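Working notes, beginning with the structure itself.
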Amino acid sequence: MSTDPSGTPTSPIIPTQLGLDDKFQFRCHKGITCFNKCCENIDITLTPYDIARLKNRFGISSREFIDRFTVDFAMDGHGMPGLKLRTREGSTACVNLTPEGCGVYSDRPAACRYYALGMVSMRKKDSPVDEDSYFVVKEAHCLGHFEPQVQTIRDYRREQGVDLYDEINREWRRIILKKRSSGPTVGRPSERSFELFFLASYDVDGFREFVRSPGFDEVFDLDPAFKEELMHDEVKLLKFGFRLLRQVLFGEKTIALKPDAVEKRIERYRRRNAQAPADKAQALADAQDRLYESLDD
Ligand code: SF4
Ligand code: SF4
């Protein structure tokens with residue numbers, strides 16, 4: 001199975017748009033002859049919530065998960081950073097595949113839950129909401145399409161646990177689509193903006209430290225109780241990160257800045273820039289400074 005950066009399967013697609021109450025014929029189960037075939041040749045783009053679920057399942061940090069289980073790629077011509085699920089050494093099979101099936105089934109990524117469906121989100125001109133439509137992906141190796149089970153898209157989504165993933169990742173997908181559709185009009189974001197995109201999208205543990213740091217406080221005007229919630233609620237932290245990215249990438253005023261904060265930081269950055277970073281704390285401070293640079297663009 002394969003997905004593009006917006007989560008849309010790139011495999012053979014039946015070009016009929018379906019709504020939530022439309023029905024399709026499909027069933028996947030352990031006894032089927034093609035069991036595991038779809039996971040033997042994967043190309044799966046990971047979303048922020050996929051990574052949060054999987055790294056928590058393995059009991060490792062997001063950074064360690066990224067290093068061990070993902071491969072990076074550019075999501076667009078500007079080099080917007082994306083991550084794909086790693087395959088086994090010398091093979092196209094998923095690292096999580098076992099002879100009994102998916103080794104991370106209850107925490108499998110959104111793309112795995114969607115299969116054999118795909119989703120496209122579109123916003124009509126002057127509409128405040130996205131409209132989703134669905135399509136069936138029919139690959140030759142997948143025999144699930146011949147099983148005598150018919151269900152609505154709504155029921156299939158519920159059964160696969162897709163709703164929660166979509167609710168959490170929706171804003172992130174919008175950011176990618178907006179970046180892609182605005183193309184040359186917004187130009188290439190700075191390296192610093194991309195670093196922040198990576199941190200907020202994929203390295204949620206690193207992003208938590210970034211938000212916790214005194215430098216972040218110096219700039220962003222966050223209610224202390226809300227900030228405390230962010231420290232203990234990973235989903236809220238992810239969603240906050242997506243808000244911050246709209247500010248960093250598109251200049252939307254999504255998070256209040258403290259008065260004079262940007263000017264002060266830029267001045268400090270100018271002074272500090274003459275010296276080489278001495279330690280990790282310094283590197284973190286530099287990362288924050290780079291954020292200001294991007295906000296100042
Ligand atoms: S995570 Fe599980 S379902 Fe998804 S490709 Fe890997 S083995 Fe298959
Ligand atoms: S029916 Fe399709 S999705 Fe299910 S195991 Fe077979 S190839 Fe994979």
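Ligands are numbered from 1 in the order shown, chains are lettered A, B, ... in the order of the structure tokens, and residues start at 1 in each chain.
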
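Taking only C-alpha atoms and all ligand atoms into account, every polymer residue with at least one atom at most 6 Å away from ligand 2 is listed here: Cys28, Cys34, Phe35, Asn36, Lys37, Cys38, His141, Cys142, Leu143 and Gly144 of chain A.
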
Using only C-alpha atoms, determine which residues lie at most 7 Å from Asp203 in chain A, disregarding the query and same-chain residues fewer than 4 positions distant; provide the list as a ChimeraX atom specification. /A:62-63,198-199,207

Can those selected residues be exported to a file as a PDB file, in the first residue's frame so that it contains N, CA and C atoms?
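Once written, selection-v4.pdb looks like this:
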```
ATOM      1  N   SER A  62       9.996  10.319  20.775  1.00  0.00           N
ATOM      2  CA  SER A  62       9.683  10.550  19.364  1.00  0.00           C
ATOM      3  C   SER A  62      10.970  10.601  18.538  1.00  0.00           C
ATOM      4  N   ARG A  63      12.035  11.132  19.128  1.00  0.00           N
ATOM      5  CA  ARG A  63      13.309  11.228  18.390  1.00  0.00           C
ATOM      6  C   ARG A  63      13.838   9.827  18.079  1.00  0.00           C
ATOM      7  N   PHE A 198       9.276  20.281  11.297  1.00  0.00           N
ATOM      8  CA  PHE A 198       9.682  18.922  11.648  1.00  0.00           C
ATOM      9  C   PHE A 198       9.439  18.671  13.139  1.00  0.00           C
ATOM     10  N   LEU A 199       9.867  19.618  13.961  1.00  0.00           N
ATOM     11  CA  LEU A 199       9.746  19.475  15.416  1.00  0.00           C
ATOM     12  C   LEU A 199       8.282  19.340  15.835  1.00  0.00           C
ATOM     13  N   PHE A 207       9.345  18.906  20.826  1.00  0.00           N
ATOM     14  CA  PHE A 207       8.507  20.107  20.753  1.00  0.00           C
ATOM     15  C   PHE A 207       8.028  20.505  22.153  1.00  0.00           C
TER      16      PHE A 207
END
```

Kindly work out which residues sit at most 8 Å from ligand 1, using only C-alpha atoms and all ligand atoms, and give the list as an MDAnalysis selection string. chainID A and resid 1 36 38:40 42 44 85 93:98 101:105 107:109 111:113

12 Å contact set for Ala74 in chain A, only C-alpha atoms, chain neighbours under 6 positions out, as number ranges by chain: A: 4-5, 45, 80-84, 176, 194, 198

Export of the given selection (N, CA and C atoms) as a PDB file, in the first residue's frame:
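That gives us result16.pdb:
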```
ATOM      1  N   ASP A   4       0.390   9.260  -0.646  1.00  0.00           N
ATOM      2  CA  ASP A   4       1.156  10.464  -0.933  1.00  0.00           C
ATOM      3  C   ASP A   4       1.162  11.338   0.325  1.00  0.00           C
ATOM      4  N   PRO A   5       1.867  12.509   0.322  1.00  0.00           N
ATOM      5  CA  PRO A   5       1.996  13.289   1.545  1.00  0.00           C
ATOM      6  C   PRO A   5       0.679  13.722   2.172  1.00  0.00           C
ATOM      7  N   THR A  45       3.276   7.202   4.204  1.00  0.00           N
ATOM      8  CA  THR A  45       3.631   8.498   4.781  1.00  0.00           C
ATOM      9  C   THR A  45       3.006   8.599   6.174  1.00  0.00           C
ATOM     10  N   MET A  80       9.840  20.336   1.828  1.00  0.00           N
ATOM     11  CA  MET A  80       9.050  20.222   3.060  1.00  0.00           C
ATOM     12  C   MET A  80       9.266  18.823   3.644  1.00  0.00           C
ATOM     13  N   PRO A  81       9.749  18.725   4.901  1.00  0.00           N
ATOM     14  CA  PRO A  81      10.142  17.400   5.402  1.00  0.00           C
ATOM     15  C   PRO A  81       8.972  16.462   5.674  1.00  0.00           C
ATOM     16  N   GLY A  82       9.103  15.245   5.165  1.00  0.00           N
ATOM     17  CA  GLY A  82       8.109  14.205   5.416  1.00  0.00           C
ATOM     18  C   GLY A  82       8.814  12.958   5.932  1.00  0.00           C
ATOM     19  N   LEU A  83       8.046  12.059   6.554  1.00  0.00           N
ATOM     20  CA  LEU A  83       8.611  10.808   7.058  1.00  0.00           C
ATOM     21  C   LEU A  83       7.771   9.633   6.574  1.00  0.00           C
ATOM     22  N   LYS A  84       8.459   8.593   6.151  1.00  0.00           N
ATOM     23  CA  LYS A  84       7.766   7.363   5.761  1.00  0.00           C
ATOM     24  C   LYS A  84       8.129   6.254   6.737  1.00  0.00           C
ATOM     25  N   ILE A 176      -0.345  21.248   4.981  1.00  0.00           N
ATOM     26  CA  ILE A 176       0.396  20.699   3.823  1.00  0.00           C
ATOM     27  C   ILE A 176      -0.293  21.081   2.521  1.00  0.00           C
ATOM     28  N   PHE A 194      11.253  25.160   8.326  1.00  0.00           N
ATOM     29  CA  PHE A 194      11.186  23.716   8.104  1.00  0.00           C
ATOM     30  C   PHE A 194      11.604  22.946   9.356  1.00  0.00           C
ATOM     31  N   PHE A 198       9.276  20.281  11.297  1.00  0.00           N
ATOM     32  CA  PHE A 198       9.682  18.922  11.648  1.00  0.00           C
ATOM     33  C   PHE A 198       9.439  18.671  13.139  1.00  0.00           C
TER      34      PHE A 198
END
```

Near-Pro148 in chain A list (10 Å; only C-alpha atoms; drop same-chain fewer than 4 positions) as a PyMOL selection string: chain A and resi 25-27+144

Interatomic distance, CA of Arg157 in chain A to CA of Leu54 in chain A (Å, one decimal): 19.8 Å

8 Å contact set for Asp221 in chain A, only C-alpha atoms, chain neighbours under 4 positions out, as a list in words: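 So the residues in contact are Asp217, Ile255, Ala256, Leu257 and Lys258 of chain A.
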
Per-residue DSSP, range 30-125 of chain A, filtered to helix (DSSP H, G or I), as a VMD selection string: chain A and resid 37 to 39 48 to 58 62 to 69 105 to 107 110 to 114

Can you tell me, as a PDB file with N, CA and C atoms, in the first residue's frame, what residues are no more than 12 Å from Asp130 in chain A when counting only C-alpha atoms, ignoring any on the same chain fewer than 5 positions away?
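New file selection.pdb:
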```pdb
ATOM      1  N   MET A 119      -9.120   9.015   0.913  1.00  0.00           N
ATOM      2  CA  MET A 119      -9.958  10.170   1.191  1.00  0.00           C
ATOM      3  C   MET A 119      -9.357  11.410   0.539  1.00  0.00           C
ATOM      4  N   VAL A 120     -10.211  12.264  -0.012  1.00  0.00           N
ATOM      5  CA  VAL A 120      -9.736  13.583  -0.457  1.00  0.00           C
ATOM      6  C   VAL A 120     -10.556  14.655   0.257  1.00  0.00           C
ATOM      7  N   SER A 121      -9.850  15.702   0.698  1.00  0.00           N
ATOM      8  CA  SER A 121     -10.520  16.837   1.354  1.00  0.00           C
ATOM      9  C   SER A 121     -10.438  18.030   0.436  1.00  0.00           C
ATOM     10  N   MET A 122     -11.574  18.685   0.268  1.00  0.00           N
ATOM     11  CA  MET A 122     -11.567  19.902  -0.557  1.00  0.00           C
ATOM     12  C   MET A 122     -12.416  20.962   0.106  1.00  0.00           C
ATOM     13  N   ARG A 123     -12.012  22.216  -0.068  1.00  0.00           N
ATOM     14  CA  ARG A 123     -12.823  23.310   0.454  1.00  0.00           C
ATOM     15  C   ARG A 123     -13.304  24.138  -0.723  1.00  0.00           C
ATOM     16  N   LYS A 124     -14.641  24.239  -0.836  1.00  0.00           N
ATOM     17  CA  LYS A 124     -15.170  25.036  -1.937  1.00  0.00           C
ATOM     18  C   LYS A 124     -14.916  26.498  -1.659  1.00  0.00           C
ATOM     19  N   LYS A 125     -14.831  27.283  -2.736  1.00  0.00           N
ATOM     20  CA  LYS A 125     -14.610  28.716  -2.604  1.00  0.00           C
ATOM     21  C   LYS A 125     -15.673  29.314  -1.676  1.00  0.00           C
ATOM     22  N   ARG A 170      -6.218  16.618  11.097  1.00  0.00           N
ATOM     23  CA  ARG A 170      -6.872  17.435  10.055  1.00  0.00           C
ATOM     24  C   ARG A 170      -6.158  18.759   9.801  1.00  0.00           C
ATOM     25  N   GLU A 171      -5.817  19.465  10.864  1.00  0.00           N
ATOM     26  CA  GLU A 171      -5.181  20.779  10.704  1.00  0.00           C
ATOM     27  C   GLU A 171      -3.806  20.649  10.034  1.00  0.00           C
ATOM     28  N   ARG A 173      -2.911  18.282   7.902  1.00  0.00           N
ATOM     29  CA  ARG A 173      -3.120  18.031   6.468  1.00  0.00           C
ATOM     30  C   ARG A 173      -3.451  19.338   5.744  1.00  0.00           C
ATOM     31  N   ARG A 174      -4.257  20.184   6.416  1.00  0.00           N
ATOM     32  CA  ARG A 174      -4.600  21.470   5.803  1.00  0.00           C
ATOM     33  C   ARG A 174      -3.350  22.306   5.549  1.00  0.00           C
ATOM     34  N   LEU A 177      -1.609  20.944   2.497  1.00  0.00           N
ATOM     35  CA  LEU A 177      -2.342  21.284   1.271  1.00  0.00           C
ATOM     36  C   LEU A 177      -2.223  22.775   0.962  1.00  0.00           C
TER      37      LEU A 177
END
```

Name the residues in contact with Phe226 in chain A at a cut-off of 12 Å, using only C-alpha atoms, excluding same-chain residues fewer than 2 positions from it; report them as an MDAnalysis selection string. chainID A and resid 211:212 221:224 228:233 236:237 240

Distance CA of Phe250 in chain A-CA of Phe220 in chain A, one decimal place?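 Atom-to-atom, CA of Phe250 in chain A and CA of Phe220 in chain A are spaced 17.1 Å apart.
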
Considering only C-alpha atoms, state which residue in the set A:Lys178, A:Lys264, A:Arg88, A:Arg270 is at the smallest distance from Glu218 in chain A.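 Ranked by minimum distance to Glu218 in chain A, first place goes to A:Lys264.
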